[in-house]
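S.K.: I have a structure I would like to understand better, so I am pasting it below and will then ask my questions one at a time.
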Amino acid sequence: MKRAHVNPRRVILLSAFALSLSAAVSVNCPMGYVKAYVEETRNPNGTYTYTDSDTNESVTTMIRDGYADTYIGKEEAVCEIETKSYYNVLTLYTTLDVAKFANFRTNNGKLKTKLMYKHESNYGLDNADTSSCWIIGTDGKRYYKDIYGNRKQYNASTEQEILKTNKYKAHGSYKIRLYAKKAGKYEFSYDVLDHNGNVITTKTVKIVAKEDNDPIKEATFAGKRFYVSNAGKQKGLRNDLYEGKGLYNTKKSGKVRITMNKGYKIKKIEVGYQHVERSNGSTEDKWSNKFADVAWRTIKNGKKIRLNKEDAYPYFDSYERKANTKAPGGYDIYSDENHGQGSTTYIRVTYYDKKTKTTGRKQLSINRHIK
């Protein structure tokens, strides 16, 4: 992966909790939210840079999380969902200038809504940590985003404005499921509250429900499907790559072909391999394993690939040795060793939405049985 240049004057500071406060509201619809994907790049100095694929706007942070890309992302007025699907989930985060969200509702009984997750806290950062709520721009000034998505300079004056509506620096995050049986246009709304429970504003998101909202119609490996859209499943299509074989495919190699739905164009297809390695800080006397970052390479549609041959189960391995004169050999030894017969190969599809003129990305996987 290409390494991005790190601009030291454009760095989000260290608190993930604080970043959740400064991020703009993120409406996240996994089944087709109109939003460019955000590229993550790991830099040599250990930081991560997140870049919007359409605007090339980027921000660098010391921590790996979902808040940095929310900061550079834009709040969309329209959210597309899929009919008869339970995977339409909107994710909302409060901003620095509001206390909480409430009264989630729709304008039509045919669009059902259900609160799946809620996290709220009525206290926030102390004065010593408020610097973690803003980023340093290229001009050297500090900025944050308000509930309307506007970037504002963070200073003593704007901090006093923030405290008028969020006195205790409260914060919240929410996941809401939307469900519609029939295609159509709807609206989802919620109230934005201050620390006294007063409504600051009401946010409304236009919801467009479609029968098939998946950019990918189907994906095949060695002539067998390993992915099919939810609408395709409702029409009787199945993932026959694993049929009669449990959760794993037994082929070592084959051609990968991606078929897009109407209105979408493939920009890039990548194959990714991941291996197990020692965790940071491991020593000879105490160690554990972790998954390394996925290594990606670009392939052409219909190209033959080889599947990952590395067993994933050693991820659970660990070892610890402590001196004990009463133990056999003079040591207490704790050891976990795991052996499986499965590996995963990742297929990443970057596509262009002709209607919204935005770039998106979707990741699929192929499981292989290792003898």
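By order in the structure tokens, chains are A, B, ...; within a chain, residues start at 1; ligands start at 1, following the order shown.
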Show me, as a VMD selection string, the residues that have an atom within 8 Å of Lys118 of chain A when counting only C-alpha atoms, minus same-chain residues fewer than 3 positions from it.
M.R.: chain A and resid 115 172 to 175
S.K.: Export, as a short mmCIF file (atom, residue, chain, number, x, y, z; two decimals), in the first residue's frame, the selected residues with N, CA, C and O atoms.
M.R.:
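So again31.cif came out as:
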```
data_model
loop_
_atom_site.label_atom_id
_atom_site.label_comp_id
_atom_site.auth_asym_id
_atom_site.auth_seq_id
_atom_site.Cartn_x
_atom_site.Cartn_y
_atom_site.Cartn_z
N LEU A 115 -34.38 1.08 17.91
CA LEU A 115 -33.10 1.42 18.51
C LEU A 115 -32.41 0.13 18.95
O LEU A 115 -32.89 -0.58 19.82
N GLY A 172 -22.86 10.78 23.18
CA GLY A 172 -23.68 9.60 22.95
C GLY A 172 -23.45 9.02 21.58
O GLY A 172 -23.01 9.71 20.65
N SER A 173 -23.74 7.72 21.44
CA SER A 173 -23.68 7.05 20.14
C SER A 173 -24.87 6.09 20.06
O SER A 173 -25.30 5.53 21.07
N TYR A 174 -25.39 5.89 18.84
CA TYR A 174 -26.64 5.16 18.66
C TYR A 174 -26.58 4.35 17.36
O TYR A 174 -26.00 4.78 16.37
N LYS A 175 -27.23 3.19 17.39
CA LYS A 175 -27.41 2.37 16.19
C LYS A 175 -28.90 2.09 16.04
O LYS A 175 -29.52 1.54 16.95
#
```
S.K.: Contacts of Lys245 of chain A at 12 Å or less, counting only C-alpha atoms, minus same-chain residues fewer than 6 places along, as a list of chain:residue names?
M.R.: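 The filter keeps A:Asn239, A:Lys251, A:Asn367, A:Arg368, A:His369.
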S.K.: Go through segment 106-314 of chain A and collect every residue that DSSP, computed from the backbone, puts in strand (DSSP E or B); the answer should be as a ChimeraX atom specification.
M.R.: /A:106,111-121,135-136,142-145,151-153,171-180,184-193,199-210,216-221,224-228,249,253-260,264-273,276-278,286-291,295-299,304-306
S.K.: For the residues in the current selection, export C-alpha atoms as a tab-separated table (two decimals), in the first residue's frame.
M.R.:
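Result file follows (again_27.tsv):
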```tsv
chain	number	residue	atom	x	y	z
A	106	THR	CA	-40.18	7.88	10.65
A	111	LEU	CA	-40.78	2.18	7.41
A	112	LYS	CA	-40.11	0.58	10.80
A	113	THR	CA	-37.40	1.83	13.14
A	114	LYS	CA	-35.83	0.19	16.18
A	115	LEU	CA	-33.10	1.42	18.51
A	116	MET	CA	-30.55	-1.42	18.61
A	117	TYR	CA	-27.80	0.23	20.69
A	118	LYS	CA	-27.44	3.34	22.82
A	119	HIS	CA	-24.48	4.68	24.76
A	120	GLU	CA	-24.84	7.95	26.67
A	121	SER	CA	-22.75	9.69	29.28
A	135	ILE	CA	-7.60	18.91	15.17
A	136	ILE	CA	-4.77	21.17	14.09
A	142	ARG	CA	-7.64	24.36	16.00
A	143	TYR	CA	-10.95	23.17	14.51
A	144	TYR	CA	-13.97	21.00	15.40
A	145	LYS	CA	-17.34	20.19	13.81
A	151	ARG	CA	-16.07	23.34	10.86
A	152	LYS	CA	-15.35	25.98	13.46
A	153	GLN	CA	-12.22	27.27	15.05
A	171	HIS	CA	-21.71	12.41	24.55
A	172	GLY	CA	-23.68	9.60	22.95
A	173	SER	CA	-23.68	7.05	20.14
A	174	TYR	CA	-26.64	5.16	18.66
A	175	LYS	CA	-27.41	2.37	16.19
A	176	ILE	CA	-30.88	2.32	14.64
A	177	ARG	CA	-32.29	-0.40	12.39
A	178	LEU	CA	-34.62	0.54	9.54
A	179	TYR	CA	-36.91	-1.98	7.88
A	180	ALA	CA	-39.27	-1.60	4.91
A	184	GLY	CA	-40.29	3.81	-1.76
A	185	LYS	CA	-39.16	7.15	-0.35
A	186	TYR	CA	-39.39	7.82	3.38
A	187	GLU	CA	-37.95	10.06	6.09
A	188	PHE	CA	-36.17	9.26	9.35
A	189	SER	CA	-35.93	11.98	12.01
A	190	TYR	CA	-34.49	12.48	15.50
A	191	ASP	CA	-34.21	15.35	17.97
A	192	VAL	CA	-30.94	16.91	19.09
A	193	LEU	CA	-31.00	17.85	22.79
A	199	VAL	CA	-34.56	20.43	21.52
A	200	ILE	CA	-31.78	22.31	19.72
A	201	THR	CA	-32.79	21.11	16.27
A	202	THR	CA	-34.39	18.17	14.50
A	203	LYS	CA	-32.34	16.22	11.97
A	204	THR	CA	-34.09	14.52	9.06
A	205	VAL	CA	-32.59	11.98	6.69
A	206	LYS	CA	-34.30	11.01	3.44
A	207	ILE	CA	-34.55	7.24	3.12
A	208	VAL	CA	-34.81	5.53	-0.26
A	209	ALA	CA	-35.76	1.84	-0.01
A	210	LYS	CA	-34.81	-0.33	-3.00
A	216	ILE	CA	-22.37	-6.28	-6.26
A	217	LYS	CA	-24.83	-8.67	-7.86
A	218	GLU	CA	-22.68	-11.77	-7.39
A	219	ALA	CA	-19.06	-12.95	-7.10
A	220	THR	CA	-17.66	-16.31	-8.21
A	221	PHE	CA	-14.47	-18.27	-7.57
A	224	LYS	CA	-18.92	-21.13	-8.09
A	225	ARG	CA	-20.62	-18.31	-6.20
A	226	PHE	CA	-19.10	-17.22	-2.91
A	227	TYR	CA	-21.21	-14.06	-2.70
A	228	VAL	CA	-24.71	-13.10	-3.85
A	249	ASN	CA	-13.94	-24.46	-0.16
A	253	SER	CA	-6.83	-21.70	-6.96
A	254	GLY	CA	-9.34	-20.43	-9.48
A	255	LYS	CA	-10.60	-17.40	-11.38
A	256	VAL	CA	-12.37	-14.62	-9.50
A	257	ARG	CA	-15.16	-12.79	-11.31
A	258	ILE	CA	-17.24	-9.89	-9.95
A	259	THR	CA	-20.63	-8.99	-11.48
A	260	MET	CA	-21.97	-5.55	-10.59
A	264	TYR	CA	-22.21	0.57	-10.71
A	265	LYS	CA	-18.79	0.33	-12.36
A	266	ILE	CA	-15.71	-1.52	-11.09
A	267	LYS	CA	-12.70	0.74	-10.49
A	268	LYS	CA	-10.39	-1.80	-8.88
A	269	ILE	CA	-10.35	-5.39	-7.60
A	270	GLU	CA	-7.76	-6.48	-5.02
A	271	VAL	CA	-6.87	-9.78	-3.42
A	272	GLY	CA	-5.65	-9.71	0.18
A	273	TYR	CA	-3.67	-12.14	2.30
A	276	VAL	CA	-0.32	-14.41	12.02
A	277	GLU	CA	2.61	-12.75	13.79
A	278	ARG	CA	3.85	-12.01	17.30
A	286	LYS	CA	5.92	-14.12	27.38
A	287	TRP	CA	4.28	-13.76	24.00
A	288	SER	CA	0.98	-13.91	22.15
A	289	ASN	CA	-0.06	-13.71	18.51
A	290	LYS	CA	-2.01	-11.23	16.44
A	291	PHE	CA	-3.11	-10.82	12.83
A	295	ALA	CA	-1.37	-7.28	2.24
A	296	TRP	CA	-3.26	-6.24	-0.92
A	297	ARG	CA	-2.45	-6.50	-4.63
A	298	THR	CA	-4.56	-5.45	-7.62
A	299	ILE	CA	-5.95	-8.09	-9.98
A	304	LYS	CA	-6.85	-16.66	-11.60
A	305	ILE	CA	-5.64	-16.35	-8.00
A	306	ARG	CA	-4.22	-18.70	-5.39
```
